[in-house]
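File shown: upload39.cif (mmCIF, C-alpha atoms).
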data_start
#
loop_
_atom_site.label_atom_id
_atom_site.label_comp_id
_atom_site.auth_asym_id
_atom_site.auth_seq_id
_atom_site.Cartn_x
_atom_site.Cartn_y
_atom_site.Cartn_z
CA MET F 270 -20.61 2.09 -48.55
CA VAL F 271 -23.67 1.98 -50.85
CA ASN F 272 -21.92 4.43 -53.15
CA TRP F 273 -18.90 2.16 -53.45
CA ILE F 274 -20.90 -0.99 -54.04
CA TRP F 275 -22.94 0.74 -56.72
CA LEU F 276 -19.83 2.10 -58.43
CA PHE F 277 -18.14 -1.29 -58.12
CA PHE F 278 -21.03 -3.08 -59.84
CA ILE F 279 -21.15 -0.67 -62.75
CA VAL F 280 -17.42 -0.32 -63.35
CA ILE F 281 -16.67 -4.03 -63.01
CA SER F 282 -19.61 -4.90 -65.26
CA VAL F 283 -18.37 -2.69 -68.08
CA VAL F 284 -14.78 -3.87 -67.72
CA VAL F 285 -15.75 -7.55 -67.70
CA ALA F 286 -18.18 -7.00 -70.56
CA ALA F 287 -15.41 -5.37 -72.58
CA ILE F 288 -13.18 -8.41 -72.03
CA ASN F 289 -15.96 -10.90 -72.78
CA GLY F 290 -17.26 -8.91 -75.72
CA LYS F 291 -20.70 -8.66 -74.09
CA MET F 292 -21.11 -4.91 -74.41
CA ASP F 293 -24.49 -5.08 -76.15
CA MET F 294 -25.90 -7.39 -73.51
CA VAL F 295 -24.76 -5.09 -70.72
CA THR F 296 -26.36 -2.08 -72.38
CA GLN F 297 -29.56 -4.05 -72.77
CA ALA F 298 -29.32 -5.22 -69.14
CA ALA F 299 -28.94 -1.64 -67.89
CA PHE F 300 -32.22 -0.61 -69.46
CA ASP F 301 -33.98 -3.81 -68.49
CA GLY F 302 -32.88 -3.15 -64.92
CA ALA F 303 -34.25 0.39 -65.07
CA LYS F 304 -37.51 -0.94 -66.39
CA SER F 305 -37.86 -3.55 -63.66
CA GLY F 306 -37.10 -0.88 -61.04
CA VAL F 307 -40.11 1.07 -62.27
CA THR F 308 -42.25 -2.06 -62.58
CA VAL F 309 -41.52 -3.06 -59.01
CA SER F 310 -42.31 0.43 -57.72
CA PHE F 311 -45.56 0.50 -59.66
CA GLY F 312 -46.44 -2.89 -58.25
CA LEU F 313 -45.95 -1.39 -54.82
CA ILE F 314 -48.46 1.41 -55.40
CA SER F 315 -51.61 -0.69 -55.02
CA ILE F 316 -50.22 -2.55 -52.01
CA MET F 317 -49.00 0.61 -50.31
CA VAL F 318 -52.25 2.49 -50.89
CA PHE F 319 -54.33 -0.39 -49.59
CA TRP F 320 -52.32 -1.23 -46.49
CA LEU F 321 -51.65 2.34 -45.47
CA GLY F 322 -55.39 2.97 -45.61
CA MET F 323 -56.02 -0.10 -43.47
CA MET F 324 -53.30 0.80 -41.04
CA ARG F 325 -54.62 4.32 -40.61
CA ILE F 326 -57.86 2.82 -39.33
CA ALA F 327 -55.86 0.56 -37.02
CA GLU F 328 -53.85 3.52 -35.78
CA ASP F 329 -56.89 5.70 -35.13
CA ALA F 330 -58.63 2.84 -33.35
CA GLY F 331 -55.65 2.45 -31.03
CA LEU F 332 -54.90 -1.05 -32.25
CA LEU F 333 -51.26 -0.26 -33.01
CA THR F 334 -50.68 1.04 -29.51
CA LYS F 335 -52.22 -2.16 -28.17
CA LEU F 336 -49.93 -4.28 -30.31
CA ALA F 337 -46.93 -2.26 -29.19
CA ARG F 338 -47.86 -2.64 -25.50
CA LEU F 339 -48.19 -6.37 -25.89
CA LEU F 340 -44.52 -6.70 -26.72
CA ARG F 341 -43.18 -3.77 -24.78
CA PRO F 342 -40.18 -5.44 -23.10
CA LEU F 343 -38.89 -6.72 -26.44
CA VAL F 344 -39.37 -3.34 -28.07
CA ARG F 345 -37.69 -1.52 -25.19
CA TRP F 346 -34.71 -3.78 -25.57
CA LEU F 347 -34.46 -3.57 -29.36
CA PHE F 348 -35.35 0.10 -29.70
CA PRO F 349 -34.29 1.85 -26.50
CA ASP F 350 -34.40 5.34 -28.00
CA ILE F 351 -37.98 5.42 -29.28
CA PRO F 352 -40.20 7.31 -26.82
CA LYS F 353 -42.82 5.27 -25.09
CA ASP F 354 -46.14 4.96 -26.97
CA HIS F 355 -44.74 6.57 -30.09
CA PRO F 356 -46.70 5.43 -33.18
CA ALA F 357 -43.46 4.14 -34.73
CA ILE F 358 -43.51 1.21 -32.30
CA GLY F 359 -46.95 0.10 -33.45
CA TYR F 360 -45.85 0.12 -37.07
CA ILE F 361 -42.63 -1.70 -36.26
CA MET F 362 -44.58 -4.42 -34.48
CA SER F 363 -47.04 -4.73 -37.39
CA ASN F 364 -44.12 -4.95 -39.80
CA LEU F 365 -42.42 -7.66 -37.78
CA SER F 366 -45.61 -9.69 -37.32
CA ALA F 367 -46.37 -9.46 -41.04
CA ASN F 368 -42.90 -10.79 -41.76
CA LEU F 369 -43.33 -13.55 -39.24
CA PHE F 370 -46.45 -14.85 -40.95
CA GLY F 371 -44.99 -14.50 -44.41
CA LEU F 372 -47.33 -11.69 -45.42
CA GLY F 373 -44.65 -10.07 -47.54
CA ASN F 374 -46.88 -7.55 -49.27
CA ALA F 375 -48.21 -6.25 -45.96
CA ALA F 376 -44.78 -6.14 -44.35
CA THR F 377 -43.24 -3.63 -46.77
CA PRO F 378 -45.85 -0.84 -46.42
CA MET F 379 -45.79 -1.16 -42.64
CA GLY F 380 -42.01 -1.12 -42.60
CA ILE F 381 -41.93 1.99 -44.75
CA LYS F 382 -44.52 3.64 -42.54
CA ALA F 383 -42.40 2.76 -39.51
CA MET F 384 -39.39 4.36 -41.19
CA GLN F 385 -41.41 7.52 -41.84
CA GLU F 386 -42.40 7.65 -38.18
CA LEU F 387 -38.77 7.13 -37.14
CA GLN F 388 -37.73 9.90 -39.52
CA LYS F 389 -39.95 12.29 -37.54
CA LEU F 390 -37.78 11.55 -34.49
CA ASN F 391 -34.58 12.00 -36.47
CA PRO F 392 -32.65 15.20 -35.72
CA ASP F 393 -30.52 14.83 -38.85
CA LYS F 394 -32.79 13.90 -41.76
CA ASP F 395 -29.94 12.78 -44.02
CA THR F 396 -28.52 10.23 -41.63
CA ALA F 397 -30.02 6.98 -40.41
CA THR F 398 -30.74 6.69 -36.70
CA PRO F 399 -29.78 3.59 -34.69
CA ALA F 400 -33.47 2.65 -34.47
CA MET F 401 -33.71 2.69 -38.27
CA CYS F 402 -30.66 0.47 -38.56
CA THR F 403 -32.15 -2.00 -36.09
CA LEU F 404 -35.42 -2.12 -38.02
CA LEU F 405 -33.46 -2.72 -41.22
CA ALA F 406 -31.42 -5.46 -39.56
CA LEU F 407 -34.58 -7.25 -38.47
CA ASN F 408 -36.12 -6.90 -41.91
CA THR F 409 -33.16 -8.03 -43.98
CA SER F 410 -32.89 -11.22 -41.97
CA SER F 411 -36.69 -11.45 -41.60
CA ILE F 412 -37.81 -14.31 -39.41
CA THR F 413 -40.42 -16.29 -41.31
CA ILE F 414 -42.38 -19.15 -39.82
CA VAL F 415 -43.67 -20.58 -43.09
CA PRO F 416 -41.85 -19.94 -46.36
CA THR F 417 -45.03 -20.32 -48.41
CA THR F 418 -43.59 -19.49 -51.85
CA LEU F 419 -40.88 -22.11 -51.55
CA ILE F 420 -43.22 -24.80 -50.36
CA ALA F 421 -45.39 -24.08 -53.38
CA ILE F 422 -42.39 -24.39 -55.72
CA ARG F 423 -41.34 -27.66 -54.10
CA MET F 424 -44.87 -29.01 -54.50
CA ASN F 425 -44.78 -28.03 -58.16
CA TYR F 426 -41.68 -30.11 -58.70
CA GLY F 427 -43.27 -33.10 -57.02
CA SER F 428 -41.48 -33.15 -53.69
CA ALA F 429 -42.32 -36.09 -51.44
CA ASN F 430 -42.37 -33.77 -48.46
CA PRO F 431 -42.59 -30.12 -49.55
CA ALA F 432 -42.86 -28.81 -46.01
CA GLU F 433 -39.77 -30.57 -44.68
CA ILE F 434 -37.78 -27.36 -45.07
CA ILE F 435 -39.88 -25.46 -42.52
CA GLY F 436 -37.68 -26.61 -39.68
CA THR F 437 -34.36 -25.96 -41.38
CA THR F 438 -35.53 -22.58 -42.68
CA LEU F 439 -36.72 -21.53 -39.25
CA ALA F 440 -33.42 -22.58 -37.67
CA ALA F 441 -31.38 -20.76 -40.33
CA THR F 442 -33.47 -17.63 -40.12
CA ILE F 443 -33.14 -17.55 -36.33
CA VAL F 444 -29.37 -17.79 -36.64
CA ALA F 445 -29.32 -15.02 -39.28
CA THR F 446 -31.56 -12.77 -37.20
CA ALA F 447 -29.49 -13.34 -34.08
CA ALA F 448 -26.38 -12.43 -36.07
CA ALA F 449 -28.10 -9.29 -37.36
CA ILE F 450 -29.18 -8.20 -33.88
CA LEU F 451 -25.73 -8.83 -32.42
CA ALA F 452 -23.95 -6.98 -35.23
CA ASP F 453 -26.43 -4.12 -34.93
CA ARG F 454 -25.88 -3.91 -31.18
CA TRP F 455 -22.15 -3.92 -31.66
CA TYR F 456 -22.15 -1.11 -34.22
CA ARG F 457 -24.67 0.83 -32.18
CA SER F 458 -22.55 0.72 -29.07
CA ARG F 459 -19.47 1.69 -31.05
CA SER F 460 -21.09 4.66 -32.73
CA GLN F 461 -22.47 6.37 -29.65
CA PRO F 462 -22.94 9.22 -29.43
CA PRO F 463 -24.18 9.59 -33.02
CA PRO F 464 -22.11 12.04 -35.07
CA ILE F 465 -23.26 15.62 -35.74
CA THR F 466 -26.51 15.23 -33.89
CA PRO F 467 -27.19 17.91 -31.33
CA ARG F 468 -30.19 16.05 -30.05
CA PRO F 469 -32.48 17.44 -27.38
CA PRO F 470 -32.07 15.80 -23.97
CA LEU F 471 -34.08 12.62 -24.00
CA THR F 472 -35.77 11.35 -20.93
CA LYS F 473 -34.13 8.13 -19.89
CA PRO F 474 -36.18 5.03 -20.65
CA SER F 475 -37.57 4.06 -17.31
CA GLY F 476 -38.61 0.60 -18.43
CA GLY F 477 -41.74 0.85 -16.36
CA GLY F 478 -45.08 -0.34 -17.63
CA GLU F 479 -47.20 2.65 -16.71
CA VAL F 480 -49.69 4.00 -19.22
CA VAL F 481 -49.57 7.66 -20.18
CA MET G 238 -48.93 -29.44 -40.22
CA TYR G 239 -48.38 -27.75 -43.55
CA GLU G 240 -52.13 -27.86 -44.25
CA LEU G 241 -52.69 -26.05 -40.99
CA PHE G 242 -50.15 -23.39 -41.86
CA THR G 243 -51.49 -22.75 -45.35
CA LYS G 244 -55.04 -22.60 -43.97
CA LEU G 245 -53.85 -20.18 -41.35
CA SER G 246 -52.03 -17.90 -43.75
CA SER G 247 -54.85 -17.88 -46.28
CA TRP G 248 -57.23 -16.84 -43.49
CA MET G 249 -54.87 -14.31 -42.00
CA ILE G 250 -55.32 -11.44 -44.45
CA PRO G 251 -59.12 -11.63 -44.71
CA ALA G 252 -59.26 -11.83 -40.92
CA ILE G 253 -57.15 -8.69 -40.57
CA ILE G 254 -59.13 -6.87 -43.25
CA VAL G 255 -62.39 -7.59 -41.45
CA PHE G 256 -61.18 -7.16 -37.91
CA ILE G 257 -59.53 -3.73 -38.15
CA PRO G 258 -62.47 -1.76 -39.58
CA LEU G 259 -65.02 -3.72 -37.58
CA TYR G 260 -63.24 -3.03 -34.31
CA ALA G 261 -62.71 0.64 -35.22
CA ALA G 262 -66.35 1.14 -36.16
CA MET G 263 -67.95 -0.79 -33.30
CA ARG G 264 -65.68 0.09 -30.40
CA ARG G 265 -64.37 3.50 -31.34
CA ARG G 266 -67.07 4.89 -33.65
CA ILE G 267 -64.47 5.80 -36.26
CA PRO G 268 -65.68 6.77 -39.76
CA VAL G 269 -63.85 3.80 -41.25
CA TYR G 270 -64.16 4.48 -44.95
CA GLU G 271 -63.07 8.11 -44.71
CA THR G 272 -60.17 7.16 -42.46
CA PHE G 273 -59.14 4.50 -44.94
CA VAL G 274 -59.10 6.97 -47.82
CA GLU G 275 -57.23 9.52 -45.75
CA GLY G 276 -54.48 7.08 -44.84
CA ALA G 277 -54.34 5.51 -48.29
CA LYS G 278 -53.42 8.88 -49.82
CA ASP G 279 -49.88 8.53 -48.51
CA GLY G 280 -49.36 5.26 -50.35
CA PHE G 281 -49.08 6.64 -53.84
CA GLY G 282 -46.44 9.24 -53.14
CA THR G 283 -44.39 6.81 -51.11
CA ALA G 284 -44.39 4.15 -53.81
CA ILE G 285 -43.41 6.72 -56.43
CA SER G 286 -40.58 8.11 -54.31
CA ILE G 287 -38.95 4.68 -54.34
CA ILE G 288 -38.54 4.68 -58.13
CA PRO G 289 -35.20 6.55 -58.37
CA PRO G 290 -33.25 4.46 -55.84
CA LEU G 291 -34.79 1.24 -57.10
CA VAL G 292 -33.96 2.00 -60.73
CA GLY G 293 -30.40 2.85 -59.73
CA MET G 294 -29.90 -0.43 -57.90
CA MET G 295 -31.67 -2.63 -60.42
CA VAL G 296 -29.55 -1.21 -63.26
CA ALA G 297 -26.31 -1.97 -61.44
CA ILE G 298 -27.34 -5.50 -60.46
CA SER G 299 -28.72 -6.31 -63.87
CA MET G 300 -25.48 -5.13 -65.54
CA PHE G 301 -23.42 -7.12 -63.06
CA ARG G 302 -25.19 -10.33 -63.95
CA ALA G 303 -25.32 -9.81 -67.70
CA SER G 304 -21.66 -8.89 -68.07
CA GLY G 305 -20.50 -12.21 -66.66
CA ALA G 306 -18.85 -10.44 -63.72
CA MET G 307 -20.88 -12.52 -61.32
CA ASP G 308 -19.73 -15.79 -62.88
CA LEU G 309 -16.18 -14.54 -62.55
CA MET G 310 -16.70 -13.82 -58.87
CA LEU G 311 -18.16 -17.29 -58.40
CA SER G 312 -15.28 -19.10 -60.05
CA ALA G 313 -12.95 -17.24 -57.70
CA VAL G 314 -14.68 -18.57 -54.58
CA LYS G 315 -15.45 -22.07 -55.86
CA PRO G 316 -12.22 -23.80 -54.74
CA ALA G 317 -12.83 -22.76 -51.13
CA PHE G 318 -16.30 -24.29 -51.31
CA ASP G 319 -15.06 -27.55 -52.76
CA TRP G 320 -12.52 -27.70 -49.97
CA MET G 321 -15.21 -27.30 -47.31
CA GLY G 322 -17.34 -30.03 -48.87
CA ILE G 323 -20.21 -27.70 -49.72
CA PRO G 324 -21.99 -28.43 -53.02
CA SER G 325 -20.81 -25.48 -55.09
CA GLU G 326 -24.04 -25.47 -57.14
CA VAL G 327 -25.66 -23.43 -54.36
CA LEU G 328 -22.87 -20.85 -54.35
CA PRO G 329 -24.48 -18.40 -56.82
CA LEU G 330 -27.43 -18.26 -54.46
CA GLY G 331 -25.23 -16.86 -51.70
CA ILE G 332 -24.37 -13.93 -53.93
CA LEU G 333 -27.74 -13.53 -55.64
CA ARG G 334 -29.85 -13.73 -52.50
CA PRO G 335 -28.90 -10.37 -50.95
CA LEU G 336 -29.00 -8.63 -54.34
CA THR G 337 -32.20 -9.66 -56.07
CA GLY G 338 -35.26 -11.42 -54.72
CA ALA G 339 -36.71 -12.33 -58.09
CA GLY G 340 -33.33 -13.41 -59.45
CA SER G 341 -32.50 -15.68 -56.55
CA LEU G 342 -36.00 -17.15 -56.52
CA ALA G 343 -35.64 -17.99 -60.21
CA PHE G 344 -32.26 -19.56 -59.52
CA THR G 345 -33.64 -21.57 -56.60
CA ALA G 346 -36.53 -22.83 -58.73
CA ASP G 347 -33.99 -23.81 -61.38
CA LEU G 348 -31.87 -25.75 -58.88
CA ILE G 349 -34.95 -27.50 -57.52
CA GLY G 350 -36.01 -28.37 -61.05
CA THR G 351 -32.57 -29.64 -62.07
CA TYR G 352 -31.59 -31.64 -59.00
CA GLY G 353 -35.04 -32.40 -57.58
CA PRO G 354 -36.74 -30.86 -54.55
CA ASP G 355 -35.72 -33.73 -52.29
CA SER G 356 -32.04 -33.72 -53.22
CA MET G 357 -29.54 -32.15 -50.85
CA ILE G 358 -28.98 -29.27 -53.26
CA GLY G 359 -32.73 -28.72 -53.57
CA ARG G 360 -33.16 -28.67 -49.83
CA ILE G 361 -30.22 -26.34 -49.21
CA ALA G 362 -31.40 -23.97 -51.94
CA SER G 363 -34.92 -23.90 -50.49
CA THR G 364 -33.59 -23.20 -47.02
CA ILE G 365 -31.28 -20.40 -48.15
CA GLN G 366 -34.00 -18.77 -50.21
CA GLY G 367 -36.56 -18.95 -47.41
CA SER G 368 -34.41 -17.95 -44.50
CA THR G 369 -33.44 -14.39 -45.41
CA ASP G 370 -34.72 -11.39 -47.30
CA THR G 371 -33.18 -9.37 -50.13
CA THR G 372 -30.95 -7.02 -48.17
CA LEU G 373 -30.19 -4.55 -50.92
CA TYR G 374 -33.85 -4.27 -51.90
CA VAL G 375 -35.03 -3.75 -48.33
CA LEU G 376 -32.35 -1.12 -47.78
CA THR G 377 -33.08 0.69 -51.05
CA VAL G 378 -36.82 0.75 -50.50
CA TYR G 379 -36.85 1.62 -46.78
CA PHE G 380 -34.21 4.32 -46.88
CA GLY G 381 -35.33 5.49 -50.32
CA ALA G 382 -38.83 6.15 -49.03
CA ILE G 383 -37.59 8.61 -46.42
CA ALA G 384 -34.67 10.01 -48.45
CA VAL G 385 -32.01 9.12 -45.90
CA ARG G 386 -28.64 9.28 -47.63
CA ARG G 387 -26.17 8.22 -44.98
CA THR G 388 -27.24 4.74 -44.01
CA ARG G 389 -24.31 4.22 -41.62
CA TYR G 390 -23.76 0.57 -40.73
CA ALA G 391 -27.13 -0.78 -41.94
CA LEU G 392 -25.73 -2.39 -45.09
CA LYS G 393 -22.83 -4.04 -43.27
CA VAL G 394 -25.18 -5.54 -40.72
CA GLY G 395 -27.53 -6.79 -43.45
CA LEU G 396 -24.76 -8.40 -45.48
CA PHE G 397 -23.16 -9.90 -42.41
CA SER G 398 -26.41 -11.57 -41.41
CA ASP G 399 -26.83 -12.82 -44.99
CA ILE G 400 -23.44 -14.50 -44.88
CA VAL G 401 -24.16 -16.03 -41.49
CA GLY G 402 -27.59 -17.15 -42.68
CA PHE G 403 -26.15 -18.66 -45.86
CA PHE G 404 -23.63 -20.83 -44.05
CA ALA G 405 -26.09 -21.65 -41.27
CA ALA G 406 -28.59 -22.88 -43.87
CA ILE G 407 -25.97 -25.13 -45.47
CA ALA G 408 -24.66 -26.47 -42.17
CA ILE G 409 -28.15 -27.14 -40.82
CA CYS G 410 -29.25 -28.96 -43.98
CA LEU G 411 -26.07 -31.04 -44.17
CA TYR G 412 -26.64 -32.03 -40.57
CA ILE G 413 -30.41 -32.68 -40.63
CA PHE G 414 -30.75 -34.38 -44.02
CA ARG G 415 -27.52 -36.33 -44.02
#

Have the structure of the file written as structure tokens, please.
Amino acid sequence: MVNWIWLFFIVISVVVAAINGKMDMVTQAAFDGAKSGVTVSFGLISIMVFWLGMMRIAEDAGLLTKLARLLRPLVRWLFPDIPKDHPAIGYIMSNLSANLFGLGNAATPMGIKAMQELQKLNPDKDTATPAMCTLLALNTSSITIVPTTLIAIRMNYGSANPAEIIGTTLAATIVATAAAILADRWYRSRSQPPPITPRPPLTKPSGGGEVV
Amino acid sequence: MYELFTKLSSWMIPAIIVFIPLYAAMRRRIPVYETFVEGAKDGFGTAISIIPPLVGMMVAISMFRASGAMDLMLSAVKPAFDWMGIPSEVLPLGILRPLTGAGSLAFTADLIGTYGPDSMIGRIASTIQGSTDTTLYVLTVYFGAIAVRRTRYALKVGLFSDIVGFFAAIAICLYIFR
């Protein structure tokens, strides 16, 4: 699907540009886009390096496992196929909490780290696992308690009550996240068992709370 | 309330930065600095590995906007919006939001500036912008970092929740701020 969307954007852009006589602008836009792709990635370097260093300390100190245990029932329900006490869960929880508190630049490194941990569990490295799709679903709809950037913009423009959108944003984000979880569940149940994955027999999630 | 939240979020990061190493050093006797450096090593490579997918996506989106194709798409959907009684000024946001975070933020700021932060359009735009993340960016970065090619249904789920979130934001604002 990504392939088609990508192709669609490029082909339609050139066709429309040809009709509108905007060819030069589209050429310019292509290279501007490439440049901003690199700029964004470079901007990520410092954040990634810093947070991954921090999170390694947290991981070694057992803090991630603690965080994961705290929310075990929720995790079990959302990610039934991640083995108990796997480091991926700790990173997923850190990623979700960072999102929740609007710490965008901490959320991305932790999410990426979680994906790398999930990739270790993946029998077919080219294909996304259901757990990865669930993590993506939660991140694209990202529940945020306080949309700080927007409140700042509203203040800038002299709003009488810049924070009045907290309630509506929270309600909308909950609806979007619920939709994402439901859609993810639906696709997940439809696509079982995953194609071309001769996976080793997994122990059934017992749902118990015992500590290994 | 807002004061409390901003206080809280400005304290959050420093609190985390102090707590993690302090706990690790005091309770677990972990060599914190060396562990930090060891973990931080992964960051560079990961950030660099995101460049190719991100460049690919940004090029396509940037072309799509510059060519006028997006405006065309908007004018096609506009009548349906007018019919539903939704202010069609917020429509571009519905399409921009899943594609580009910076682009939709700029557009939101523009709407807030033009119509005022306390207008219905300003409120709806703020709510849409705040309630969801940039699906295509998240997908590109997360899957790009681990070189997964077949993303299965992840994009469909992301876009579906964007659409639901978009209409939910409008409906909620029209109801609350009527």

Please produce, as a tab-separated table, a per-residue contact table for chain F versus chain G (criterion: any atom at most 6 Å away, only C-alpha atoms considered), showing the nearest atom pair and its distance in Å to one decimal, sorted by chain then residue number.
residue	atom	partner	partner_atom	distance
F:Phe278	CA	G:Ala297	CA	5.6
F:Ile279	CA	G:Ala297	CA	5.5
F:Ser282	CA	G:Phe301	CA	4.9
F:Val285	CA	G:Ala306	CA	5.8
F:Ala286	CA	G:Ser304	CA	4.7
F:Val295	CA	G:Met300	CA	5.2
F:Ala298	CA	G:Met300	CA	5.3
F:Ala299	CA	G:Val296	CA	4.7
F:Gly302	CA	G:Val296	CA	4.2
F:Ala303	CA	G:Val292	CA	4.6
F:Gly306	CA	G:Val292	CA	4.3
F:Val307	CA	G:Ile288	CA	5.7
F:Ser310	CA	G:Ile288	CA	5.7
F:Leu313	CA	G:Ala284	CA	5.8
F:Ile314	CA	G:Ala284	CA	5.2
F:Met317	CA	G:Gly280	CA	4.7
F:Val318	CA	G:Gly280	CA	4.0
F:Leu321	CA	G:Ala277	CA	5.0
F:Gly322	CA	G:Ala277	CA	3.8
F:Met323	CA	G:Phe273	CA	5.7
F:Arg325	CA	G:Gly276	CA	5.1
F:Ile326	CA	G:Thr272	CA	5.8
F:Ala327	CA	G:Ile257	CA	5.8
F:Ala330	CA	G:Ala261	CA	5.0
F:Ile381	CA	G:Tyr379	CA	5.5
F:Asp395	CA	G:Val385	CA	4.6
F:Thr396	CA	G:Arg387	CA	4.6
F:Ala397	CA	G:Thr388	CA	5.1
F:Cys402	CA	G:Ala391	CA	5.0
F:Ala406	CA	G:Gly395	CA	5.7
F:Thr409	CA	G:Thr372	CA	4.8
F:Ser410	CA	G:Thr369	CA	4.7
F:Ser411	CA	G:Thr369	CA	5.8
F:Pro416	CA	G:Gly367	CA	5.5
F:Arg423	CA	G:Pro354	CA	5.6
F:Ser428	CA	G:Pro354	CA	5.3
F:Thr438	CA	G:Thr364	CA	4.8
F:Ala441	CA	G:Ala406	CA	5.0
F:Thr442	CA	G:Ser368	CA	4.5
F:Ala445	CA	G:Gly402	CA	4.4
F:Ala448	CA	G:Ser398	CA	5.4
F:Ala449	CA	G:Ser398	CA	4.9
F:Ala452	CA	G:Val394	CA	5.8

Could you work out an axis-aligned bounding box for all listed atoms of stretch 317-333 of chain F, with 3 Å added on each of the six sides, and give its centre and edge lengths in Å to one decimal, as lines of an AutoDock Vina configuration file?
center_x = -53.8
center_y = 2.2
center_z = -41.0
size_x = 15.6
size_y = 12.9
size_z = 25.9

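The shell of residues at most 10 Å from F:Ala421, with all atoms listed in the file counted and near chain neighbours (fewer than 6 positions) removed, consists of Gly427, Ser428, Pro431 and Ala432 of chain F.
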
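What separates atom CA of F:Arg457 from atom CA of F:Pro399 is a distance of 6.3 Å.
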
- Enter the distance from atom CA of F:Met424 to atom CA of G:Gly331, in Å, rounded to one decimal.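 Between these atoms lies a distance of 23.3 Å.
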
- Long-range neighbours of F:Leu340 as an MDAnalysis selection string, 10 Å cut-off, all atoms listed in the file, 5 positions minimum in chain: chainID F and resid 335 345 358:359 362

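Nearest-residue note for F:Val344: choosing from F:Leu332, F:Leu404, F:Leu390, F:Leu369, the minimum distance belongs to F:Leu404, counting only C-alpha atoms.
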
- Please evaluate the PyMOL selection byres ((chain F and resi 387) around 10) against the displayed coordinates and give the resulting residues as a PyMOL selection string. (chain F and resi 351+355-358+360-361+381-386+388-391+397-401+404) or (chain G and resi 383)

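Rounded to one decimal, atom CA of F:Asn368 and atom CA of F:Pro349 lie 21.6 Å from each other.
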
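With all atoms listed in the file as the basis for measurement, F:Ile316 is the residue among F:Ile316, F:Ile422, F:Gly436, F:Arg341 that approaches F:Pro378 most closely.
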